[in-house]
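K.L.:
So here's target-v2.txt, just compact mmCIF, C-alpha atoms:
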# COMPACT_ATOMS: atom_id res chain seq x y z
CA MET C 88 0.00 0.00 0.00
CA PRO C 89 1.49 3.40 -0.91
CA GLU C 90 2.26 5.66 2.03
CA VAL C 91 -0.33 8.30 2.79
CA ASP C 92 0.86 11.72 3.87
CA ALA C 93 -0.59 12.24 7.36
CA LYS C 94 -0.93 16.02 7.02
CA ALA C 95 -2.66 15.75 3.65
CA PHE C 96 -4.98 13.06 5.01
CA ARG C 97 -5.88 15.17 8.05
CA ARG C 98 -6.47 18.22 5.85
CA THR C 99 -8.66 16.21 3.49
CA CYS C 100 -10.77 14.74 6.31
CA GLY C 101 -11.10 18.28 7.68
CA MET C 102 -12.90 19.29 4.47
CA PHE C 103 -15.85 17.27 5.76
CA THR C 104 -17.75 19.48 8.17
CA THR C 105 -19.01 17.94 11.39
CA GLY C 106 -20.72 19.04 14.52
CA VAL C 107 -19.16 18.48 17.92
CA THR C 108 -20.41 16.30 20.76
CA VAL C 109 -19.33 15.63 24.33
CA ILE C 110 -19.63 12.01 25.42
CA THR C 111 -20.45 11.76 29.11
CA THR C 112 -20.82 8.86 31.48
CA SER C 113 -20.96 8.25 35.21
CA ILE C 114 -19.28 5.28 36.85
CA ASN C 115 -19.48 4.71 40.59
CA GLY C 116 -20.63 8.27 41.04
CA GLN C 117 -17.70 9.74 39.16
CA VAL C 118 -18.49 11.73 36.05
CA HIS C 119 -16.39 11.69 32.88
CA GLY C 120 -16.62 13.63 29.63
CA MET C 121 -14.78 13.68 26.32
CA THR C 122 -15.18 15.84 23.23
CA ALA C 123 -15.78 13.82 20.05
CA ASN C 124 -16.84 14.63 16.52
CA SER C 125 -16.99 11.02 15.35
CA PHE C 126 -20.73 10.67 15.89
CA THR C 127 -22.73 8.99 13.12
CA SER C 128 -26.31 7.75 13.00
CA VAL C 129 -26.35 4.20 11.63
CA SER C 130 -30.05 3.34 11.43
CA ILE C 131 -33.37 4.76 12.55
CA ASP C 132 -35.09 1.41 13.19
CA PRO C 133 -33.58 0.03 15.32
CA PRO C 134 -32.14 3.31 16.66
CA LEU C 135 -28.38 2.89 16.34
CA ILE C 136 -25.57 5.40 16.40
CA LEU C 137 -21.84 4.99 16.48
CA VAL C 138 -18.94 6.86 18.01
CA CYS C 139 -15.22 6.33 17.50
CA VAL C 140 -12.75 6.83 20.32
CA ASP C 141 -9.03 6.30 20.48
CA VAL C 142 -8.35 2.82 21.85
CA ARG C 143 -5.72 4.36 24.17
CA SER C 144 -8.12 6.88 25.71
CA LYS C 145 -9.67 6.59 29.16
CA MET C 146 -13.11 6.93 27.57
CA ALA C 147 -12.56 3.73 25.56
CA GLN C 148 -12.17 1.82 28.84
CA LEU C 149 -15.06 3.63 30.49
CA LEU C 150 -17.47 2.93 27.65
CA SER C 151 -16.71 -0.77 27.85
CA SER C 152 -17.68 -0.87 31.52
CA SER C 153 -20.49 1.71 31.59
CA LYS C 154 -24.14 0.74 31.67
CA ALA C 155 -25.09 3.85 29.75
CA PHE C 156 -23.56 6.99 28.34
CA THR C 157 -24.76 10.19 26.75
CA VAL C 158 -24.00 11.90 23.46
CA ASN C 159 -24.42 15.64 24.10
CA VAL C 160 -24.66 17.58 20.84
CA LEU C 161 -23.12 21.05 21.21
CA GLY C 162 -24.35 24.25 19.61
CA CYS C 163 -22.15 26.65 17.69
CA HIS C 164 -21.88 28.94 20.75
CA GLN C 165 -20.23 26.19 22.83
CA GLU C 166 -16.63 26.18 21.64
CA GLU C 167 -15.52 26.70 25.23
CA VAL C 168 -17.34 23.51 26.33
CA SER C 169 -15.76 21.62 23.46
CA ARG C 170 -12.27 22.82 24.47
CA HIS C 171 -12.81 21.95 28.11
CA PHE C 172 -13.70 18.33 27.40
CA ALA C 173 -10.90 18.07 24.85
CA GLY C 174 -8.45 18.62 27.70
CA SER C 175 -7.94 22.38 27.68
CA SER C 176 -8.20 24.16 30.98
CA GLY C 177 -10.94 26.42 29.58
CA ASP C 178 -13.40 28.20 31.79
CA TRP C 179 -16.41 25.84 31.70
CA ARG C 180 -18.97 26.68 34.37
CA GLY C 181 -21.70 24.24 33.42
CA THR C 182 -22.96 21.31 35.45
CA PHE C 183 -23.94 17.70 34.87
CA MET C 184 -27.51 16.54 35.31
CA PRO C 185 -28.71 12.99 35.99
CA PHE C 186 -29.89 11.33 32.76
CA GLY C 187 -31.08 7.73 33.18
CA GLU C 188 -28.07 5.74 34.31
CA SER C 189 -25.77 8.39 32.83
CA VAL C 190 -25.39 12.16 33.08
CA ARG C 191 -25.87 14.94 30.56
CA LEU C 192 -24.60 18.49 30.24
CA ASP C 193 -27.04 21.07 31.55
CA ASP C 194 -26.71 23.03 28.32
CA CYS C 195 -26.59 21.31 24.91
CA LEU C 196 -28.63 21.21 21.71
CA ALA C 197 -29.68 17.60 22.21
CA ALA C 198 -28.76 14.59 24.32
CA LEU C 199 -29.02 10.90 23.42
CA LEU C 200 -28.96 8.28 26.16
CA CYS C 201 -27.17 5.21 24.78
CA GLU C 202 -25.79 1.83 25.71
CA VAL C 203 -22.91 0.05 24.01
CA ARG C 204 -24.12 -2.87 21.89
CA TYR C 205 -21.13 -3.63 19.69
CA THR C 206 -17.46 -2.72 19.95
CA VAL C 207 -14.98 -3.08 17.12
CA ASN C 208 -11.27 -2.56 17.64
CA PHE C 209 -9.20 -1.32 14.73
CA GLN C 210 -5.50 -0.67 14.86
CA ARG C 211 -5.66 2.66 16.66
CA GLY C 212 -9.38 3.28 16.84
CA THR C 213 -12.21 1.68 18.75
CA MET C 214 -15.59 1.93 17.12
CA SER C 215 -18.54 1.45 19.42
CA SER C 216 -21.97 1.13 17.90
CA CYS C 217 -24.61 1.98 20.38
CA SER C 218 -28.33 1.68 20.68
CA VAL C 219 -30.38 4.59 21.94
CA LEU C 220 -32.34 4.08 25.14
CA MET B 153 -35.50 -1.56 26.22
CA PRO B 154 -38.01 1.31 26.09
CA GLU B 155 -39.30 2.18 22.64
CA VAL B 156 -37.63 5.14 20.97
CA ASP B 157 -39.79 7.50 18.94
CA ALA B 158 -38.39 7.34 15.40
CA LYS B 159 -39.26 10.94 14.54
CA ALA B 160 -37.70 12.28 17.71
CA PHE B 161 -34.59 10.18 17.16
CA ARG B 162 -34.23 11.40 13.56
CA ARG B 163 -34.74 15.01 14.68
CA THR B 164 -32.15 14.63 17.43
CA CYS B 165 -29.54 13.11 15.11
CA GLY B 166 -30.27 15.95 12.69
CA MET B 167 -29.03 18.41 15.33
CA PHE B 168 -25.54 17.12 14.60
CA THR B 169 -24.32 18.96 11.53
CA THR B 170 -22.47 16.95 8.88
CA GLY B 171 -21.02 17.51 5.48
CA VAL B 172 -22.15 15.47 2.50
CA THR B 173 -20.15 13.01 0.42
CA VAL B 174 -20.79 10.97 -2.69
CA ILE B 175 -19.32 7.48 -2.63
CA THR B 176 -18.28 6.36 -6.10
CA THR B 177 -16.90 3.14 -7.47
CA SER B 178 -16.39 1.47 -10.83
CA ILE B 179 -16.96 -2.23 -11.37
CA ASN B 180 -16.42 -3.83 -14.76
CA GLY B 181 -16.40 -0.41 -16.36
CA GLN B 182 -19.75 0.57 -14.86
CA VAL B 183 -19.76 3.57 -12.57
CA HIS B 184 -21.91 3.87 -9.44
CA GLY B 185 -22.46 6.68 -6.97
CA MET B 186 -24.40 7.17 -3.74
CA THR B 187 -24.84 10.20 -1.51
CA ALA B 188 -23.80 9.56 2.10
CA ASN B 189 -23.24 11.71 5.15
CA SER B 190 -22.03 8.89 7.37
CA PHE B 191 -18.34 9.58 6.78
CA THR B 192 -16.05 9.55 9.82
CA SER B 193 -12.27 9.60 10.14
CA VAL B 194 -11.19 6.84 12.54
CA SER B 195 -7.44 7.29 12.80
CA ILE B 196 -4.66 9.25 11.13
CA ASP B 197 -1.96 6.59 11.49
CA PRO B 198 -2.85 4.22 9.97
CA PRO B 199 -5.17 6.30 7.75
CA LEU B 200 -8.62 4.83 8.38
CA ILE B 201 -12.07 6.21 7.69
CA LEU B 202 -15.49 4.63 7.92
CA VAL B 203 -18.73 4.94 6.03
CA CYS B 204 -22.12 3.45 6.88
CA VAL B 205 -24.47 2.26 4.17
CA ASP B 206 -27.84 0.57 4.38
CA VAL B 207 -27.35 -3.18 4.19
CA ARG B 208 -30.20 -3.35 1.65
CA SER B 209 -28.63 -0.82 -0.72
CA LYS B 210 -26.90 -1.65 -3.98
CA MET B 211 -23.81 0.21 -2.76
CA ALA B 212 -23.44 -2.21 0.17
CA GLN B 213 -23.03 -5.07 -2.34
CA LEU B 214 -20.79 -3.04 -4.62
CA LEU B 215 -18.42 -2.04 -1.81
CA SER B 216 -17.97 -5.66 -0.81
CA SER B 217 -16.83 -6.59 -4.32
CA SER B 218 -14.97 -3.43 -5.32
CA LYS B 219 -11.19 -3.17 -5.29
CA ALA B 220 -11.36 0.51 -4.48
CA PHE B 221 -13.88 3.29 -4.03
CA THR B 222 -13.82 7.04 -3.59
CA VAL B 223 -15.24 9.36 -0.95
CA ASN B 224 -15.96 12.65 -2.75
CA VAL B 225 -16.51 15.48 -0.25
CA LEU B 226 -19.05 17.99 -1.61
CA GLY B 227 -18.95 21.76 -1.16
CA CYS B 228 -21.90 23.81 0.03
CA HIS B 229 -22.71 24.83 -3.57
CA GLN B 230 -23.31 21.20 -4.61
CA GLU B 231 -26.78 20.43 -3.27
CA GLU B 232 -27.82 19.45 -6.81
CA VAL B 233 -25.03 16.83 -6.95
CA SER B 234 -26.09 15.50 -3.57
CA ARG B 235 -29.71 15.17 -4.71
CA HIS B 236 -28.75 13.44 -7.93
CA PHE B 237 -26.81 10.69 -6.17
CA ALA B 238 -29.52 10.37 -3.52
CA GLY B 239 -31.87 9.21 -6.29
CA SER B 240 -33.52 12.43 -7.40
CA SER B 241 -33.66 13.08 -11.11
CA GLY B 242 -31.86 16.43 -10.62
CA ASP B 243 -29.96 18.11 -13.37
CA TRP B 244 -26.38 16.96 -12.71
CA ARG B 245 -24.08 17.68 -15.64
CA GLY B 246 -20.76 16.62 -14.13
CA THR B 247 -18.55 13.76 -15.20
CA PHE B 248 -16.52 11.00 -13.60
CA MET B 249 -12.75 10.94 -13.83
CA PRO B 250 -10.46 7.91 -13.43
CA PHE B 251 -9.00 7.77 -9.91
CA GLY B 252 -6.72 4.81 -9.25
CA GLU B 253 -8.90 1.72 -9.55
CA SER B 254 -11.98 3.83 -8.85
CA VAL B 255 -13.52 7.02 -10.24
CA ARG B 256 -14.06 10.46 -8.74
CA LEU B 257 -16.38 13.35 -9.47
CA ASP B 258 -14.80 16.02 -11.64
CA ASP B 259 -15.90 18.68 -9.16
CA CYS B 260 -15.66 18.15 -5.38
CA LEU B 261 -13.84 19.69 -2.41
CA ALA B 262 -11.69 16.64 -1.82
CA ALA B 263 -11.52 12.99 -2.85
CA LEU B 264 -10.16 10.03 -0.86
CA LEU B 265 -9.26 6.81 -2.64
CA CYS B 266 -10.08 3.92 -0.29
CA GLU B 267 -10.29 0.16 -0.05
CA VAL B 268 -12.54 -1.81 2.27
CA ARG B 269 -10.59 -3.39 5.12
CA TYR B 270 -13.31 -4.31 7.62
CA THR B 271 -17.05 -4.72 7.25
CA VAL B 272 -19.44 -4.94 10.17
CA ASN B 273 -23.10 -5.79 9.71
CA PHE B 274 -25.59 -4.43 12.20
CA GLN B 275 -29.30 -5.05 12.07
CA ARG B 276 -30.09 -2.58 9.30
CA GLY B 277 -26.75 -0.92 8.76
CA THR B 278 -23.47 -2.04 7.29
CA MET B 279 -20.41 -0.26 8.59
CA SER B 280 -17.35 -0.47 6.39
CA SER B 281 -14.09 0.77 7.79
CA CYS B 282 -11.72 1.59 5.02
CA SER B 283 -8.07 2.39 4.64
CA VAL B 284 -6.98 5.25 2.43
CA LEU B 285 -4.80 4.39 -0.56
As structure tokens, how would this structure be written, given the file I've shared?
P.N.:
Amino acid sequence: MPEVDAKAFRRTCGMFTTGVTVITTSINGQVHGMTANSFTSVSIDPPLILVCVDVRSKMAQLLSSSKAFTVNVLGCHQEEVSRHFAGSSGDWRGTFMPFGESVRLDDCLAALLCEVRYTVNFQRGTMSSCSVL
Amino acid sequence: MPEVDAKAFRRTCGMFTTGVTVITTSINGQVHGMTANSFTSVSIDPPLILVCVDVRSKMAQLLSSSKAFTVNVLGCHQEEVSRHFAGSSGDWRGTFMPFGESVRLDDCLAALLCEVRYTVNFQRGTMSSCSVL
């Protein structure tokens, strides 16, 4: 296989516009969140979505042990929220709210309560397809 | 599992903005194209992307037998192209150009030449994760 230039590949993928989500979950009373733009709806009936997370990330481990998690869809005014959950020290002053067996952000465009149904491990990525509760 | 309202689920997923792509491939000299917005980049190294197609679609069969296919990322001025490859009779006057062992649209923001590496079948959806050539 010919070598692909990483910068060119990243730039090309960046031509495809996406929204931004924050994936949240709560395990043993501790809340976790991670910014992700790898959200895709797979089918309407049954309701299935998928998210991709780096296999090395903490969220990949958490998703595999969580009973439920939430996909919080951010609005265009929420860049600060996105940065906070991407690891920046940004000034997020929001709160988490209980949401079934998970938690959701108090301020987002939409929230989907999900459970992991299938997990596929690729070389560096973990793809979890999830049903909506 | 509680029943999920299909309309509400569709509306919620629609809150997540996405770009639009046309997936193209050429098999035995015959060219095929399908509009899809289920494109996601999975990892940079190795370069992996994924697309989801309906398991009942012709493209699902074509992808499984194709040597290569193309993800053509559309620009915001290309709604007509998107409609054409979504099955509308719209007035598309573009052409296909050779692109490795696949074809690409003559006019798009970016084009990724891919081959299918993994295929996962869910209940109604087929998820193909693909490496970039």
K.L.:
Would you list which chain B residues are within 10 Å of chain C using all atoms listed in the file, as an MDAnalysis selection string?
P.N.:
chainID B and resid 153:159 161:173 189:206 224:227 261:264 269:270 272 274:279 281 283:285
K.L.:
Take every atom of region 108-121 of chain C listed in the file, fit an axis-aligned box around them, add 5 Å per side, and give the centre and edge lengths in Å to one decimal as AutoDock Vina command-line options.
P.N.:
--center_x -17.9 --center_y 10.5 --center_z 30.9 --size_x 16.2 --size_y 21.6 --size_z 30.3
K.L.:
Give the superposed chain C as a CSV table (one decimal) with C-alpha atoms, in the frame of the given file, the fit being least squares on chain B over all ordered C-alpha pairs.
P.N.:
chain,number,residue,atom,x,y,z
C,88,MET,CA,-35.5,-1.5,26.2
C,89,PRO,CA,-38.0,1.3,26.1
C,90,GLU,CA,-39.3,2.2,22.7
C,91,VAL,CA,-37.6,5.1,21.0
C,92,ASP,CA,-39.8,7.5,19.0
C,93,ALA,CA,-38.4,7.3,15.4
C,94,LYS,CA,-39.3,10.9,14.5
C,95,ALA,CA,-37.7,12.3,17.7
C,96,PHE,CA,-34.6,10.2,17.2
C,97,ARG,CA,-34.2,11.4,13.6
C,98,ARG,CA,-34.7,15.0,14.7
C,99,THR,CA,-32.2,14.6,17.4
C,100,CYS,CA,-29.6,13.1,15.1
C,101,GLY,CA,-30.3,15.9,12.7
C,102,MET,CA,-29.0,18.4,15.3
C,103,PHE,CA,-25.6,17.1,14.6
C,104,THR,CA,-24.3,19.0,11.5
C,105,THR,CA,-22.5,17.0,8.9
C,106,GLY,CA,-21.0,17.5,5.5
C,107,VAL,CA,-22.2,15.5,2.5
C,108,THR,CA,-20.2,13.0,0.4
C,109,VAL,CA,-20.8,11.0,-2.7
C,110,ILE,CA,-19.3,7.5,-2.6
C,111,THR,CA,-18.3,6.4,-6.1
C,112,THR,CA,-16.9,3.1,-7.5
C,113,SER,CA,-16.4,1.5,-10.8
C,114,ILE,CA,-17.0,-2.2,-11.4
C,115,ASN,CA,-16.4,-3.8,-14.8
C,116,GLY,CA,-16.4,-0.4,-16.3
C,117,GLN,CA,-19.7,0.6,-14.9
C,118,VAL,CA,-19.8,3.6,-12.6
C,119,HIS,CA,-21.9,3.9,-9.4
C,120,GLY,CA,-22.5,6.7,-7.0
C,121,MET,CA,-24.4,7.2,-3.8
C,122,THR,CA,-24.8,10.2,-1.5
C,123,ALA,CA,-23.8,9.6,2.1
C,124,ASN,CA,-23.2,11.7,5.1
C,125,SER,CA,-22.0,8.9,7.4
C,126,PHE,CA,-18.3,9.6,6.8
C,127,THR,CA,-16.1,9.6,9.8
C,128,SER,CA,-12.3,9.6,10.1
C,129,VAL,CA,-11.2,6.8,12.5
C,130,SER,CA,-7.4,7.3,12.8
C,131,ILE,CA,-4.7,9.3,11.1
C,132,ASP,CA,-2.0,6.6,11.5
C,133,PRO,CA,-2.9,4.2,10.0
C,134,PRO,CA,-5.2,6.3,7.8
C,135,LEU,CA,-8.6,4.8,8.4
C,136,ILE,CA,-12.1,6.2,7.7
C,137,LEU,CA,-15.5,4.6,7.9
C,138,VAL,CA,-18.7,4.9,6.0
C,139,CYS,CA,-22.1,3.5,6.9
C,140,VAL,CA,-24.5,2.3,4.2
C,141,ASP,CA,-27.8,0.6,4.4
C,142,VAL,CA,-27.3,-3.2,4.2
C,143,ARG,CA,-30.2,-3.3,1.6
C,144,SER,CA,-28.6,-0.8,-0.7
C,145,LYS,CA,-26.9,-1.7,-4.0
C,146,MET,CA,-23.8,0.2,-2.8
C,147,ALA,CA,-23.4,-2.2,0.2
C,148,GLN,CA,-23.0,-5.1,-2.3
C,149,LEU,CA,-20.8,-3.0,-4.6
C,150,LEU,CA,-18.4,-2.0,-1.8
C,151,SER,CA,-18.0,-5.7,-0.8
C,152,SER,CA,-16.8,-6.6,-4.3
C,153,SER,CA,-15.0,-3.4,-5.3
C,154,LYS,CA,-11.2,-3.2,-5.3
C,155,ALA,CA,-11.4,0.5,-4.5
C,156,PHE,CA,-13.9,3.3,-4.0
C,157,THR,CA,-13.8,7.0,-3.6
C,158,VAL,CA,-15.2,9.4,-1.0
C,159,ASN,CA,-16.0,12.6,-2.7
C,160,VAL,CA,-16.5,15.5,-0.3
C,161,LEU,CA,-19.0,18.0,-1.6
C,162,GLY,CA,-19.0,21.7,-1.2
C,163,CYS,CA,-21.9,23.8,0.0
C,164,HIS,CA,-22.7,24.8,-3.6
C,165,GLN,CA,-23.3,21.2,-4.6
C,166,GLU,CA,-26.8,20.4,-3.3
C,167,GLU,CA,-27.8,19.4,-6.8
C,168,VAL,CA,-25.0,16.8,-6.9
C,169,SER,CA,-26.1,15.5,-3.6
C,170,ARG,CA,-29.7,15.2,-4.7
C,171,HIS,CA,-28.8,13.4,-7.9
C,172,PHE,CA,-26.8,10.7,-6.2
C,173,ALA,CA,-29.5,10.4,-3.5
C,174,GLY,CA,-31.9,9.2,-6.3
C,175,SER,CA,-33.5,12.4,-7.4
C,176,SER,CA,-33.7,13.1,-11.1
C,177,GLY,CA,-31.8,16.4,-10.6
C,178,ASP,CA,-30.0,18.1,-13.4
C,179,TRP,CA,-26.4,16.9,-12.7
C,180,ARG,CA,-24.1,17.7,-15.6
C,181,GLY,CA,-20.8,16.6,-14.1
C,182,THR,CA,-18.5,13.8,-15.2
C,183,PHE,CA,-16.5,11.0,-13.6
C,184,MET,CA,-12.7,10.9,-13.8
C,185,PRO,CA,-10.5,7.9,-13.4
C,186,PHE,CA,-9.0,7.8,-9.9
C,187,GLY,CA,-6.7,4.8,-9.2
C,188,GLU,CA,-8.9,1.7,-9.6
C,189,SER,CA,-12.0,3.8,-8.9
C,190,VAL,CA,-13.5,7.0,-10.2
C,191,ARG,CA,-14.0,10.5,-8.7
C,192,LEU,CA,-16.4,13.4,-9.5
C,193,ASP,CA,-14.8,16.0,-11.6
C,194,ASP,CA,-15.9,18.7,-9.2
C,195,CYS,CA,-15.6,18.2,-5.4
C,196,LEU,CA,-13.8,19.7,-2.4
C,197,ALA,CA,-11.7,16.6,-1.8
C,198,ALA,CA,-11.5,13.0,-2.9
C,199,LEU,CA,-10.2,10.0,-0.9
C,200,LEU,CA,-9.3,6.8,-2.6
C,201,CYS,CA,-10.1,3.9,-0.3
C,202,GLU,CA,-10.3,0.2,-0.1
C,203,VAL,CA,-12.5,-1.8,2.3
C,204,ARG,CA,-10.6,-3.4,5.1
C,205,TYR,CA,-13.3,-4.3,7.6
C,206,THR,CA,-17.1,-4.7,7.2
C,207,VAL,CA,-19.4,-4.9,10.2
C,208,ASN,CA,-23.1,-5.8,9.7
C,209,PHE,CA,-25.6,-4.4,12.2
C,210,GLN,CA,-29.3,-5.0,12.1
C,211,ARG,CA,-30.1,-2.6,9.3
C,212,GLY,CA,-26.8,-0.9,8.7
C,213,THR,CA,-23.5,-2.0,7.3
C,214,MET,CA,-20.4,-0.3,8.6
C,215,SER,CA,-17.4,-0.5,6.4
C,216,SER,CA,-14.1,0.8,7.8
C,217,CYS,CA,-11.7,1.6,5.0
C,218,SER,CA,-8.1,2.4,4.6
C,219,VAL,CA,-7.0,5.3,2.4
C,220,LEU,CA,-4.8,4.4,-0.5
K.L.:
Skipping near chain neighbours, those fewer than 2 positions away, what residues fall within 8 Å of Ile179 (chain B) using all atoms listed in the file, listed as a list of chain:residue names?
P.N.:
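Surrounding residues, per the criterion: B:Thr177, B:Gly181, B:Gln182, B:Val183, B:Leu214, B:Ser218.
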K.L.:
Please compute the CA of Ser215 (chain C)-CA of Val203 (chain C) distance, one decimal, in Å.
P.N.:
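Straight-line distance from CA of Ser215 (chain C) to CA of Val203 (chain C) works out to 6.5 Å.
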K.L.:
Excluding same-chain residues fewer than 2 positions from region 165-169 of chain C, what lies within 12 Å of it counting only C-alpha atoms, as an mmCIF file with C-alpha atoms, keeping the file's coordinate frame?
P.N.:
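The new file around-v8.cif reads:
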data_model
loop_
_atom_site.group_PDB
_atom_site.id
_atom_site.type_symbol
_atom_site.label_atom_id
_atom_site.label_comp_id
_atom_site.auth_asym_id
_atom_site.auth_seq_id
_atom_site.Cartn_x
_atom_site.Cartn_y
_atom_site.Cartn_z
ATOM 1 C CA GLY C 106 -20.720 19.040 14.520
ATOM 2 C CA VAL C 107 -19.160 18.480 17.920
ATOM 3 C CA THR C 108 -20.410 16.300 20.760
ATOM 4 C CA VAL C 109 -19.330 15.630 24.330
ATOM 5 C CA ILE C 110 -19.630 12.010 25.420
ATOM 6 C CA GLY C 120 -16.620 13.630 29.630
ATOM 7 C CA MET C 121 -14.780 13.680 26.320
ATOM 8 C CA THR C 122 -15.180 15.840 23.230
ATOM 9 C CA ALA C 123 -15.780 13.820 20.050
ATOM 10 C CA ASN C 124 -16.840 14.630 16.520
ATOM 11 C CA ASN C 159 -24.420 15.640 24.100
ATOM 12 C CA VAL C 160 -24.660 17.580 20.840
ATOM 13 C CA LEU C 161 -23.120 21.050 21.210
ATOM 14 C CA GLY C 162 -24.350 24.250 19.610
ATOM 15 C CA CYS C 163 -22.150 26.650 17.690
ATOM 16 C CA HIS C 171 -12.810 21.950 28.110
ATOM 17 C CA PHE C 172 -13.700 18.330 27.400
ATOM 18 C CA ALA C 173 -10.900 18.070 24.850
ATOM 19 C CA GLY C 174 -8.450 18.620 27.700
ATOM 20 C CA SER C 175 -7.940 22.380 27.680
ATOM 21 C CA SER C 176 -8.200 24.160 30.980
ATOM 22 C CA GLY C 177 -10.940 26.420 29.580
ATOM 23 C CA ASP C 178 -13.400 28.200 31.790
ATOM 24 C CA TRP C 179 -16.410 25.840 31.700
ATOM 25 C CA ARG C 180 -18.970 26.680 34.370
ATOM 26 C CA GLY C 181 -21.700 24.240 33.420
ATOM 27 C CA THR C 182 -22.960 21.310 35.450
ATOM 28 C CA LEU C 192 -24.600 18.490 30.240
ATOM 29 C CA ASP C 193 -27.040 21.070 31.550
ATOM 30 C CA ASP C 194 -26.710 23.030 28.320
ATOM 31 C CA CYS C 195 -26.590 21.310 24.910
ATOM 32 C CA LEU C 196 -28.630 21.210 21.710
#
K.L.:
What separation in Å, quoted to one decimal, exists between CA of Val158 (chain C) and CA of Ala95 (chain C)?
P.N.:
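CA of Val158 (chain C) sits 29.4 Å away from CA of Ala95 (chain C).
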K.L.:
Between C:Arg170, C:His119, C:Cys201, C:Thr206, single out the one closest to Ser151 (chain C), counting only C-alpha atoms.
P.N.:
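The closest residue to Ser151 (chain C) is C:Thr206.
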K.L.:
If you measure from CA of Ser178 (chain B) to CA of His229 (chain B), what distance in Å do you get, rounded to one decimal?
P.N.:
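CA of His229 (chain B) lies at a distance of 25.3 Å from CA of Ser178 (chain B).
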